[in-house]
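With mmCIF, C-alpha atoms inside, this is input-v5.cif:
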```cif
data_target
#
loop_
_atom_site.label_atom_id
_atom_site.label_comp_id
_atom_site.auth_asym_id
_atom_site.auth_seq_id
_atom_site.Cartn_x
_atom_site.Cartn_y
_atom_site.Cartn_z
CA MET B 1 127.71 137.48 83.58
CA ASN B 2 124.06 137.25 84.60
CA PRO B 3 122.40 137.99 81.24
CA SER B 4 119.12 137.03 83.00
CA GLY B 5 119.56 140.01 85.31
CA GLY B 6 120.66 137.74 88.13
CA VAL B 7 119.61 137.86 91.74
CA LEU B 8 119.79 141.66 91.75
CA ALA B 9 116.85 141.66 89.32
CA GLY B 10 114.76 139.00 91.03
CA HIS B 11 115.23 137.07 94.26
CA PRO B 12 112.72 134.37 95.21
CA MET B 13 115.27 133.39 97.86
CA PHE B 14 115.33 129.60 97.98
CA ALA B 15 114.60 129.27 94.27
CA ALA B 16 117.30 131.77 93.26
CA GLY B 17 120.04 129.13 93.04
CA LEU B 18 118.01 126.78 90.87
CA ILE B 19 117.05 129.72 88.67
CA ARG B 20 120.77 130.38 88.06
CA ILE B 21 121.18 126.79 86.81
CA GLY B 22 118.06 127.10 84.67
CA ALA B 23 119.25 130.44 83.25
CA ALA B 24 122.65 128.95 82.42
CA ALA B 25 120.97 125.99 80.69
CA ALA B 26 118.68 128.39 78.79
CA GLU B 27 121.70 130.24 77.38
CA ILE B 28 123.03 126.94 76.01
CA SER B 29 119.63 125.81 74.71
CA ALA B 30 119.20 129.13 72.93
CA GLY B 31 122.57 128.68 71.20
CA ARG B 32 124.03 131.78 72.85
CA ALA B 33 126.63 129.82 74.82
CA ASP B 34 128.53 126.52 74.53
CA LYS B 35 129.59 126.34 78.15
CA ALA B 36 128.02 128.11 81.14
CA LEU B 37 128.66 128.31 84.86
CA ALA B 38 125.96 128.53 87.54
CA HIS B 39 126.48 129.38 91.20
CA ALA B 40 124.27 129.17 94.26
CA THR B 41 124.96 130.17 97.83
CA SER B 42 123.17 130.13 101.15
CA GLY B 43 123.56 130.87 104.84
CA PRO B 44 123.86 134.06 106.92
CA LEU B 45 127.52 134.27 105.93
CA LEU B 46 127.02 132.58 102.55
CA GLN B 47 128.91 129.60 103.91
CA GLN B 48 127.24 127.03 101.67
CA ASN B 49 128.23 127.20 98.01
CA LEU B 50 127.47 125.18 94.89
CA VAL B 51 129.09 125.64 91.52
CA CYS B 52 128.21 123.71 88.39
CA VAL B 53 129.34 123.87 84.78
CA LEU B 54 127.00 123.00 81.92
CA GLU B 55 128.03 122.33 78.35
CA GLY B 56 126.01 121.89 75.14
CA ARG B 57 126.95 118.80 73.12
CA MET L 4 119.05 101.19 93.08
CA GLY L 5 122.08 102.83 91.57
CA GLY L 6 124.82 101.02 89.74
CA GLN L 7 127.31 100.67 92.60
CA LEU L 8 126.98 98.56 95.73
CA ALA L 9 126.80 100.36 99.06
CA ALA L 10 126.91 99.12 102.63
CA VAL L 11 126.55 100.39 106.17
CA ILE L 12 129.89 99.94 107.91
CA GLY L 13 129.08 101.69 111.19
CA THR L 14 126.15 102.91 113.27
CA GLY L 15 125.83 105.12 116.34
CA GLN L 16 123.11 106.61 118.50
CA THR L 17 122.67 108.68 121.62
CA HIS L 18 121.09 107.75 124.89
CA HIS L 19 117.58 109.04 124.18
CA THR L 20 115.61 110.80 126.90
CA ALA L 21 113.03 113.54 127.44
CA LYS L 22 115.55 116.31 128.05
CA ARG L 23 119.23 116.03 127.18
CA LEU L 24 120.18 119.15 129.13
CA ASP L 25 123.83 118.05 129.18
CA VAL L 26 124.35 118.63 125.46
CA SER L 27 123.50 121.19 122.78
CA MET L 28 122.04 120.17 119.41
CA ALA L 29 125.62 120.05 118.12
CA GLY L 30 126.73 117.88 121.06
CA LEU L 31 123.77 115.57 120.61
CA CYS L 32 124.60 114.99 116.94
CA ARG L 33 128.29 114.59 117.69
CA GLU L 34 127.59 111.91 120.31
CA ALA L 35 125.88 109.73 117.67
CA ILE L 36 128.47 110.58 115.02
CA ASP L 37 131.45 109.71 117.24
CA ARG L 38 129.89 106.31 118.01
CA ALA L 39 129.18 105.63 114.32
CA MET L 40 132.70 106.63 113.28
CA ALA L 41 134.24 104.43 116.00
CA ASP L 42 131.94 101.55 115.03
CA ALA L 43 133.00 101.93 111.38
CA GLY L 44 136.67 102.45 112.23
CA THR L 45 136.71 105.54 110.01
CA ASP L 46 138.29 108.94 110.52
CA TRP L 47 137.20 112.35 109.23
CA ALA L 48 139.58 112.20 106.28
CA ASP L 49 137.62 109.15 105.04
CA ILE L 50 134.28 111.00 104.91
CA ASP L 51 133.47 112.64 101.55
CA ALA L 52 130.07 114.18 102.34
CA VAL L 53 127.53 114.63 105.12
CA VAL L 54 123.74 114.33 104.89
CA LEU L 55 121.66 115.76 107.75
CA GLY L 56 118.02 114.96 108.37
CA LYS L 57 115.57 116.43 110.85
CA ALA L 58 111.86 117.13 111.03
CA PRO L 59 110.27 120.63 110.94
CA ASP L 60 112.45 123.46 112.25
CA LEU L 61 109.59 124.49 114.56
CA PHE L 62 110.37 121.40 116.65
CA GLU L 63 113.36 123.30 118.06
CA GLY L 64 112.49 126.81 116.93
CA VAL L 65 115.83 127.10 115.07
CA MET L 66 115.60 127.82 111.38
CA MET L 67 117.94 125.82 109.13
CA PRO L 68 120.09 124.40 111.95
CA GLU L 69 122.33 122.69 109.39
CA LEU L 70 124.10 126.02 108.90
CA PHE L 71 125.34 126.46 112.45
CA LEU L 72 125.80 122.70 112.89
CA ALA L 73 128.10 122.35 109.86
CA ASP L 74 131.33 122.32 111.85
CA ALA L 75 130.05 119.92 114.53
CA LEU L 76 128.89 117.56 111.78
CA GLY L 77 132.39 117.51 110.31
CA ALA L 78 131.08 119.10 107.13
CA THR L 79 133.53 121.99 106.88
CA GLY L 80 135.03 121.88 103.40
CA LYS L 81 132.67 119.07 102.33
CA PRO L 82 129.25 118.86 100.72
CA LEU L 83 126.45 119.08 103.31
CA LEU L 84 122.87 118.24 102.32
CA ARG L 85 119.81 118.84 104.50
CA VAL L 86 116.89 116.45 104.03
CA HIS L 87 113.34 117.03 105.28
CA THR L 88 110.38 114.69 104.77
CA ALA L 89 108.62 115.14 108.14
CA GLY L 90 108.69 112.05 110.41
CA SER L 91 110.09 109.84 107.65
CA VAL L 92 113.13 112.11 107.31
CA GLY L 93 115.55 109.77 109.08
CA GLY L 94 114.78 107.10 106.51
CA SER L 95 115.01 109.54 103.63
CA THR L 96 118.39 110.69 104.99
CA GLY L 97 119.66 107.11 104.81
CA ASN L 98 118.31 106.71 101.28
CA VAL L 99 119.85 109.98 100.06
CA ALA L 100 123.22 109.05 101.60
CA ALA L 101 123.00 105.59 100.01
CA SER L 102 122.20 107.11 96.61
CA LEU L 103 125.31 109.32 96.80
CA VAL L 104 127.43 106.15 97.08
CA GLN L 105 125.37 104.00 94.68
CA SER L 106 125.64 106.70 92.02
CA GLY L 107 129.41 106.75 92.34
CA VAL L 108 129.46 110.43 93.38
CA HIS L 109 131.06 109.71 96.76
CA ARG L 110 132.82 106.72 98.35
CA ARG L 111 131.96 107.29 102.02
CA VAL L 112 129.05 109.33 103.29
CA LEU L 113 128.02 110.15 106.86
CA ALA L 114 124.26 110.28 107.43
CA VAL L 115 123.07 112.01 110.61
CA ALA L 116 119.56 112.70 111.91
CA PHE L 117 118.39 114.30 115.13
CA GLU L 118 115.61 115.92 117.10
CA LYS L 119 115.95 117.83 120.34
CA GLN L 120 112.28 118.02 121.24
CA SER L 121 112.98 119.61 124.62
CA GLU L 122 114.09 122.81 122.84
CA SER L 123 110.50 123.54 121.79
CA ASN L 124 107.08 121.88 121.78
CA ALA L 125 106.24 119.44 119.00
CA MET L 126 102.57 119.34 120.00
CA TRP L 127 102.40 123.08 119.34
CA ALA L 128 104.51 122.83 116.18
CA LEU L 129 102.13 120.20 114.77
CA SER L 130 99.05 122.20 115.68
CA VAL L 131 99.89 125.41 113.80
CA MET L 132 97.13 125.93 111.26
CA PRO L 133 98.25 125.59 107.66
CA PRO L 134 96.20 127.64 105.19
CA PHE L 135 93.25 125.96 103.44
CA HIS L 136 93.24 122.97 105.81
CA MET L 137 90.93 121.89 108.60
CA PRO L 138 92.76 122.57 111.87
CA VAL L 139 93.63 119.44 113.84
CA GLY L 140 94.70 121.25 117.00
CA ALA L 141 95.54 118.01 118.74
CA GLY L 142 99.03 117.06 117.58
CA ALA L 143 99.89 113.79 115.84
CA GLY L 144 97.74 111.59 118.10
CA GLY L 145 94.60 113.54 117.34
CA TYR L 146 95.34 113.31 113.64
CA PHE L 147 95.99 109.56 113.58
CA ALA L 148 93.33 108.34 116.06
CA PRO L 149 90.53 108.34 113.44
CA HIS L 150 92.75 106.29 111.11
CA VAL L 151 93.24 103.72 113.89
CA ARG L 152 89.50 103.68 114.58
CA SER L 153 88.88 103.13 110.89
CA TYR L 154 91.37 100.24 110.84
CA ILE L 155 89.64 98.58 113.80
CA ARG L 156 86.25 98.93 112.12
CA ARG L 157 87.45 97.61 108.76
CA SER L 158 89.51 94.69 110.08
CA GLY L 159 87.25 93.69 112.96
CA ALA L 160 90.30 93.61 115.24
CA PRO L 161 89.61 93.19 118.96
CA ASN L 162 90.44 96.18 121.17
CA HIS L 163 93.44 94.66 122.96
CA ILE L 164 95.71 94.38 119.88
CA GLY L 165 97.19 97.83 120.43
CA ALA L 166 98.04 96.96 124.02
CA ILE L 167 99.84 93.79 122.87
CA VAL L 168 102.06 95.90 120.58
CA ALA L 169 102.75 98.51 123.27
CA ALA L 170 103.70 95.94 125.92
CA LYS L 171 105.91 94.04 123.46
CA ASP L 172 107.77 97.13 122.17
CA ARG L 173 108.31 98.60 125.64
CA ARG L 174 109.66 95.28 126.95
CA ASN L 175 111.98 95.14 123.94
CA GLY L 176 113.07 98.68 124.77
CA ALA L 177 114.15 97.48 128.20
CA LEU L 178 116.70 95.26 126.36
CA ASN L 179 118.14 98.33 124.59
CA PRO L 180 120.42 100.50 126.74
CA TYR L 181 119.88 103.52 124.45
CA ALA L 182 116.04 103.42 124.63
CA HIS L 183 114.29 106.36 126.29
CA LEU L 184 111.63 104.31 128.11
CA GLN L 185 112.81 101.35 130.19
CA GLN L 186 109.66 99.46 131.18
CA ALA L 187 110.58 95.81 131.67
CA ASP L 188 107.52 95.16 133.83
CA ILE L 189 104.83 96.60 131.54
CA THR L 190 101.95 94.23 130.70
CA VAL L 191 98.99 94.17 128.33
CA GLU L 192 96.77 94.74 131.36
CA SER L 193 98.74 97.76 132.61
CA VAL L 194 98.62 99.31 129.12
CA GLN L 195 94.85 98.80 129.05
CA ALA L 196 94.58 100.46 132.45
CA SER L 197 96.47 103.59 131.32
CA LYS L 198 94.63 106.82 130.56
CA MET L 199 92.74 107.21 127.28
CA LEU L 200 94.35 110.06 125.32
CA TRP L 201 92.86 110.05 121.84
CA ASP L 202 90.26 107.27 121.66
CA PRO L 203 91.21 104.48 120.90
CA ILE L 204 94.85 105.37 121.69
CA ARG L 205 95.84 105.12 125.36
CA TYR L 206 98.77 106.84 127.09
CA ASP L 207 100.94 103.70 127.11
CA GLU L 208 100.25 103.17 123.39
CA THR L 209 101.83 106.52 122.51
CA CYS L 210 105.44 107.31 121.68
CA PRO L 211 107.43 109.45 124.11
CA SER L 212 108.85 112.89 123.27
CA SER L 213 112.62 112.41 123.06
CA ASP L 214 115.92 114.16 122.52
CA GLY L 215 118.22 112.00 120.45
CA ALA L 216 120.34 111.47 117.36
CA ALA L 217 121.44 108.65 115.06
CA ALA L 218 124.27 108.31 112.56
CA VAL L 219 125.41 105.75 110.00
CA VAL L 220 128.49 105.54 107.80
CA ILE L 221 127.70 104.30 104.28
CA ALA L 222 130.59 103.09 102.13
CA ASP L 223 131.26 101.80 98.64
CA GLU L 224 132.09 98.18 97.83
CA GLN L 225 135.84 98.70 97.81
CA THR L 226 135.74 100.12 101.35
CA ALA L 227 133.21 97.61 102.68
CA LYS L 228 134.59 94.38 101.28
CA GLY L 229 136.44 92.15 103.71
CA ARG L 230 134.98 93.86 106.79
CA PRO L 231 131.67 93.61 108.69
CA ALA L 232 129.05 95.33 106.56
CA ALA L 233 125.29 95.58 106.22
CA TRP L 234 124.86 95.55 102.43
CA ILE L 235 122.08 97.74 101.08
CA HIS L 236 119.87 95.46 98.95
CA ALA L 237 117.16 97.97 98.11
CA THR L 238 115.87 101.45 98.90
CA ALA L 239 112.51 103.01 98.08
CA MET L 240 110.60 106.24 98.70
CA ARG L 241 107.07 107.21 97.66
CA THR L 242 104.93 110.27 98.38
CA GLU L 243 101.29 111.34 98.14
CA PRO L 244 99.32 114.49 99.09
CA THR L 245 97.83 114.87 102.58
CA THR L 246 94.28 114.93 101.27
CA PHE L 247 92.53 113.98 98.07
CA ALA L 248 89.18 112.45 97.21
CA GLY L 249 89.09 108.73 97.90
CA ARG L 250 92.40 108.69 99.76
CA ASP L 251 92.92 105.56 101.89
CA GLN L 252 94.57 106.96 105.01
CA VAL L 253 94.62 103.56 106.76
CA SER L 254 96.72 101.92 104.05
CA PRO L 255 98.03 104.69 101.78
CA GLN L 256 98.81 103.86 98.15
CA ALA L 257 102.24 105.52 98.47
CA GLY L 258 103.18 102.99 101.17
CA LYS L 259 101.98 100.05 99.07
CA ASP L 260 103.86 101.33 96.04
CA ALA L 261 107.06 101.92 98.02
CA ALA L 262 106.88 98.39 99.45
CA ALA L 263 106.24 96.81 96.04
CA ALA L 264 109.22 98.65 94.57
CA LEU L 265 111.40 97.69 97.54
CA TRP L 266 110.62 93.96 97.45
CA LYS L 267 111.11 93.85 93.68
CA GLN L 268 114.49 95.59 93.91
CA ALA L 269 115.59 93.30 96.75
CA GLY L 270 114.47 90.18 94.87
CA ILE L 271 112.06 89.28 97.66
CA SER L 272 108.85 87.55 96.57
CA ASP L 273 107.55 86.45 100.00
CA PRO L 274 108.51 89.16 102.52
CA VAL L 275 107.27 87.38 105.65
CA SER L 276 109.43 84.33 104.87
CA GLU L 277 112.48 86.11 103.46
CA VAL L 278 112.85 88.99 105.94
CA ASP L 279 114.28 87.98 109.33
CA VAL L 280 113.59 91.16 111.34
CA ALA L 281 111.81 94.47 110.74
CA GLU L 282 112.21 97.89 112.32
CA ILE L 283 108.92 99.59 111.46
CA TYR L 284 107.90 103.16 112.35
CA VAL L 285 105.17 102.56 114.97
CA PRO L 286 104.55 105.79 116.97
CA PHE L 287 101.10 104.61 118.06
CA SER L 288 100.68 100.91 118.84
CA TRP L 289 98.02 100.12 116.24
CA PHE L 290 100.34 101.13 113.42
CA GLU L 291 102.12 97.77 113.76
CA PRO L 292 99.27 95.71 112.25
CA MET L 293 98.41 98.59 109.89
CA TRP L 294 101.93 98.73 108.43
CA LEU L 295 102.29 94.91 108.40
CA GLU L 296 99.43 94.96 105.90
CA ASN L 297 100.56 98.06 103.99
CA LEU L 298 104.06 96.56 103.59
CA GLY L 299 102.68 93.25 102.31
CA PHE L 300 103.81 91.09 105.24
CA THR L 301 100.19 89.95 105.63
CA GLU L 302 97.00 90.17 103.61
CA GLU L 303 94.74 93.17 104.22
CA GLY L 304 92.78 92.79 107.45
CA GLN L 305 95.10 90.04 108.74
CA GLY L 306 97.89 92.07 110.36
CA TRP L 307 96.29 92.08 113.80
CA LYS L 308 96.09 88.27 113.83
CA PHE L 309 99.84 88.07 113.17
CA THR L 310 100.45 90.46 116.07
CA GLU L 311 97.99 88.68 118.37
CA ALA L 312 99.68 85.32 117.68
CA GLY L 313 102.95 86.73 119.04
CA GLU L 314 104.69 86.46 115.67
CA THR L 315 106.13 89.99 115.96
CA ALA L 316 107.82 89.34 119.31
CA ILE L 317 111.49 88.37 119.49
CA GLY L 318 111.40 84.63 118.76
CA GLY L 319 108.31 85.01 116.53
CA ARG L 320 108.13 84.51 112.79
CA LEU L 321 108.96 88.18 112.06
CA PRO L 322 110.31 90.08 115.08
CA VAL L 323 109.18 93.72 114.73
CA ASN L 324 111.03 96.47 116.58
CA PRO L 325 113.34 94.39 118.80
CA SER L 326 115.00 97.74 119.66
CA GLY L 327 111.78 98.91 121.32
CA GLY L 328 110.98 101.05 118.29
CA VAL L 329 109.42 104.48 118.20
CA LEU L 330 107.18 103.53 121.13
CA SER L 331 110.32 103.40 123.32
CA SER L 332 112.26 106.37 121.84
CA ASN L 333 111.02 109.13 119.57
CA PRO L 334 113.54 111.82 118.67
CA ILE L 335 111.31 112.46 115.63
CA GLY L 336 113.84 113.40 112.97
CA ALA L 337 116.18 110.62 114.11
CA SER L 338 113.49 107.95 114.50
CA GLY L 339 113.60 106.85 110.85
CA LEU L 340 117.41 106.63 110.80
CA LEU L 341 117.24 104.70 114.08
CA ARG L 342 115.01 102.14 112.32
CA TYR L 343 117.55 101.95 109.50
CA ALA L 344 120.52 101.75 111.89
CA GLU L 345 118.85 99.06 114.01
CA ALA L 346 118.16 97.01 110.86
CA ALA L 347 121.86 97.27 110.00
CA MET L 348 122.88 96.39 113.58
CA GLN L 349 120.76 93.22 113.37
CA VAL L 350 122.42 91.89 110.22
CA LEU L 351 125.84 92.93 111.55
CA GLY L 352 125.11 90.90 114.71
CA ARG L 353 125.71 94.01 116.83
CA ALA L 354 122.28 94.46 118.44
CA GLY L 355 123.34 93.25 121.89
CA ASP L 356 120.56 92.00 124.15
CA HIS L 357 117.90 92.64 121.51
CA GLN L 358 119.72 90.72 118.80
CA VAL L 359 117.49 88.42 116.73
CA ASP L 360 119.32 85.10 116.30
CA GLY L 361 120.48 84.47 112.77
CA ALA L 362 119.23 87.77 111.33
CA ARG L 363 120.53 88.02 107.77
CA VAL L 364 117.95 90.23 106.03
CA ALA L 365 116.34 93.23 107.77
CA LEU L 366 113.85 95.96 106.89
CA GLY L 367 114.08 99.60 108.00
CA HIS L 368 110.88 101.64 107.56
CA ALA L 369 109.77 105.21 108.23
CA TYR L 370 106.68 107.24 107.43
CA GLY L 371 105.88 110.88 107.92
CA GLY L 372 103.48 113.77 107.51
CA GLY L 373 99.85 112.65 107.35
CA SER L 374 100.98 109.10 106.38
CA GLN L 375 102.15 110.53 103.08
CA TYR L 376 105.94 110.04 102.94
CA PHE L 377 107.34 106.50 103.01
CA SER L 378 111.04 105.58 103.17
CA LEU L 379 112.30 102.01 103.21
CA TRP L 380 115.47 99.99 102.95
CA VAL L 381 116.46 96.36 103.06
CA VAL L 382 119.92 95.47 104.35
CA GLY L 383 121.58 92.08 104.42
CA SER L 384 124.63 90.36 105.86
CA GLU L 385 125.52 89.17 102.34
CA ARG L 386 125.93 91.16 99.15
CA PRO L 387 122.78 91.58 97.05
CA GLY L 388 122.19 88.49 94.94
CA ALA L 389 124.26 86.24 97.20
CA ARG L 390 121.26 84.81 99.05
#
```

Starting from the file, give its structure as structure tokens.
Amino acid sequence: MNPSGGVLAGHPMFAAGLIRIGAAAAEISAGRADKALAHATSGPLLQQNLVCVLEGR
Amino acid sequence: MGGQLAAVIGTGQTHHTAKRLDVSMAGLCREAIDRAMADAGTDWADIDAVVLGKAPDLFEGVMMPELFLADALGATGKPLLRVHTAGSVGGSTGNVAASLVQSGVHRRVLAVAFEKQSESNAMWALSVMPPFHMPVGAGAGGYFAPHVRSYIRRSGAPNHIGAIVAAKDRRNGALNPYAHLQQADITVESVQASKMLWDPIRYDETCPSSDGAAAVVIADEQTAKGRPAAWIHATAMRTEPTTFAGRDQVSPQAGKDAAAALWKQAGISDPVSEVDVAEIYVPFSWFEPMWLENLGFTEEGQGWKFTEAGETAIGGRLPVNPSGGVLSSNPIGASGLLRYAEAAMQVLGRAGDHQVDGARVALGHAYGGGSQYFSLWVVGSERPGAR
């Protein structure tokens, strides 16, 4: 989980979700993963959530 | 356009006025939503996703209002997307909602847009100095007045054209029970006698500051077939920077490109003959002839003659803003979606006293920022390709 270091290592707030998707894609592109999950969340109570699954083919 | 057909099956709007002290932002949105849902005959279980549009958060002073509005918008447990492209945002909201259906991602999407200008001060919000830019310090009117002056100089239009537009749109607004301004007795002469605000724009040639909301329900073909529907024939959006060397701010390239893409997608080769009614974003009167040219309804420099000849009045060759338009109601974030909803109402035959007889193809238009965002759609009473 979070080989990039995740949000705890860097948090440009409104880009942080897109960075998760990019980091997941990078793992697949680099051949380190076949399938990866990315998650983004927002709101004072984190009430908006997005989950996506990427797969290398 | 995406692969799937999409259609508007219901529209709703609030009574627009300067201060809606009787409702919160949530109540304002819900008023439009409830009317759209009733018009469409849909219930919450039928809605797959919600798209919310509004202009800058400074207009109410509430950051990211979509978060606290989620429940009132019926978005709990559903995808909720916020859209923001300045004054064009209502149009962009319609286009984004349409794309979610056209792409096959969702079957029924609720698009909502609002502005509650009484919560803050848009003039102030538009006058905050952005870094590395010349300060305008005079709100939208001060920004656009030089563009209008430039149009007058380039086209040789006589000074009364703006007053013709203002009188026409305000009288149309008096036919629309939801319009903010109800001025059935306004005349070209009374507009010309009103106070000069930002030369050459007079007080009566300026949009009001409104509280209001609009909503539309967009559905897939399976839902829309066999029921009244405004079929979406084309959508387009184009963008350009606020400033760059050689920029034409009177007739921006982004607007021309958006229109060209729209007409091509809709299969329209002669817009002025093939479009029956247009709801065009005209916050200051002179933008009617300016956008008529930018959209390709007339040749460059000829828009004012079309207006002067009365062709944009109800009963003219191309009625423009039979609803009264932005000059009669301007809840900024909602104004674009109101144009889109009014276009749909026309082809659905549901425009009441401002209905254009026999309207089958209608344009909805919005622009925003420093004339740099353009959002357009064409809706029709028949499916695309059936004309």

Given a cut-off of 12 Å, which residues of chain L touch chain B, counting all atoms listed in the file, written out as number ranges by chain? L: 66-74, 78-85

Those residues you just picked out, can you put them in a file as a PDB file, in the frame of the given file with C-alpha atoms?
```pdb
ATOM      1  CA  MET L  66     115.600 127.820 111.380  1.00  0.00           C
ATOM      2  CA  MET L  67     117.940 125.820 109.130  1.00  0.00           C
ATOM      3  CA  PRO L  68     120.090 124.400 111.950  1.00  0.00           C
ATOM      4  CA  GLU L  69     122.330 122.690 109.390  1.00  0.00           C
ATOM      5  CA  LEU L  70     124.100 126.020 108.900  1.00  0.00           C
ATOM      6  CA  PHE L  71     125.340 126.460 112.450  1.00  0.00           C
ATOM      7  CA  LEU L  72     125.800 122.700 112.890  1.00  0.00           C
ATOM      8  CA  ALA L  73     128.100 122.350 109.860  1.00  0.00           C
ATOM      9  CA  ASP L  74     131.330 122.320 111.850  1.00  0.00           C
ATOM     10  CA  ALA L  78     131.080 119.100 107.130  1.00  0.00           C
ATOM     11  CA  THR L  79     133.530 121.990 106.880  1.00  0.00           C
ATOM     12  CA  GLY L  80     135.030 121.880 103.400  1.00  0.00           C
ATOM     13  CA  LYS L  81     132.670 119.070 102.330  1.00  0.00           C
ATOM     14  CA  PRO L  82     129.250 118.860 100.720  1.00  0.00           C
ATOM     15  CA  LEU L  83     126.450 119.080 103.310  1.00  0.00           C
ATOM     16  CA  LEU L  84     122.870 118.240 102.320  1.00  0.00           C
ATOM     17  CA  ARG L  85     119.810 118.840 104.500  1.00  0.00           C
TER      18      ARG L  85
END
```

Pick out the residues sitting within 10 Å of Ile21 (chain B), and hand them over as a ChimeraX atom specification; count all atoms listed in the file, and ignore anything fewer than 5 positions along from it in its own chain. /B:16,26,36-40,51-54

Could you please determine the separation between CA of Asn324 (chain L) and CA of Ala222 (chain L) in Å, to one decimal place?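 It comes out at 25.2 Å.
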
For region 4-12 of chain B, please output as a short mmCIF file (atom, residue, chain, number, x, y, z; two decimals) with C-alpha atoms, keeping the file's coordinate frame all residues within 10 Å (counting all atoms listed in the file; exclusion window: fewer than 4 positions along the same chain).
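What follows is the written file selection.cif:
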```cif
data_model
loop_
_atom_site.label_atom_id
_atom_site.label_comp_id
_atom_site.auth_asym_id
_atom_site.auth_seq_id
_atom_site.Cartn_x
_atom_site.Cartn_y
_atom_site.Cartn_z
CA ALA B 16 117.30 131.77 93.26
CA GLY B 17 120.04 129.13 93.04
CA ILE B 19 117.05 129.72 88.67
CA ARG B 20 120.77 130.38 88.06
CA ALA B 23 119.25 130.44 83.25
CA ALA B 24 122.65 128.95 82.42
CA ALA B 26 118.68 128.39 78.79
CA GLU B 27 121.70 130.24 77.38
#
```

State, in Å with one decimal place, the distance from CA of Glu311 (chain L) to CA of Tyr376 (chain L). 27.5 Å

Run the PyMOL selection byres ((chain L and resi 228-239) around 7) against the file shown and list the residues it catches, as a PyMOL selection string. chain L and resi 4+9-12+98+224-227+240-241+261+264-265+268-269+347+350-351+378-387

Selection result for the PyMOL selection byres ((chain L and resi 126) around 12) on this file, as an MDAnalysis selection string: chainID L and resid 59 61:63 120:121 123:125 127:131 139:146 211:212 335
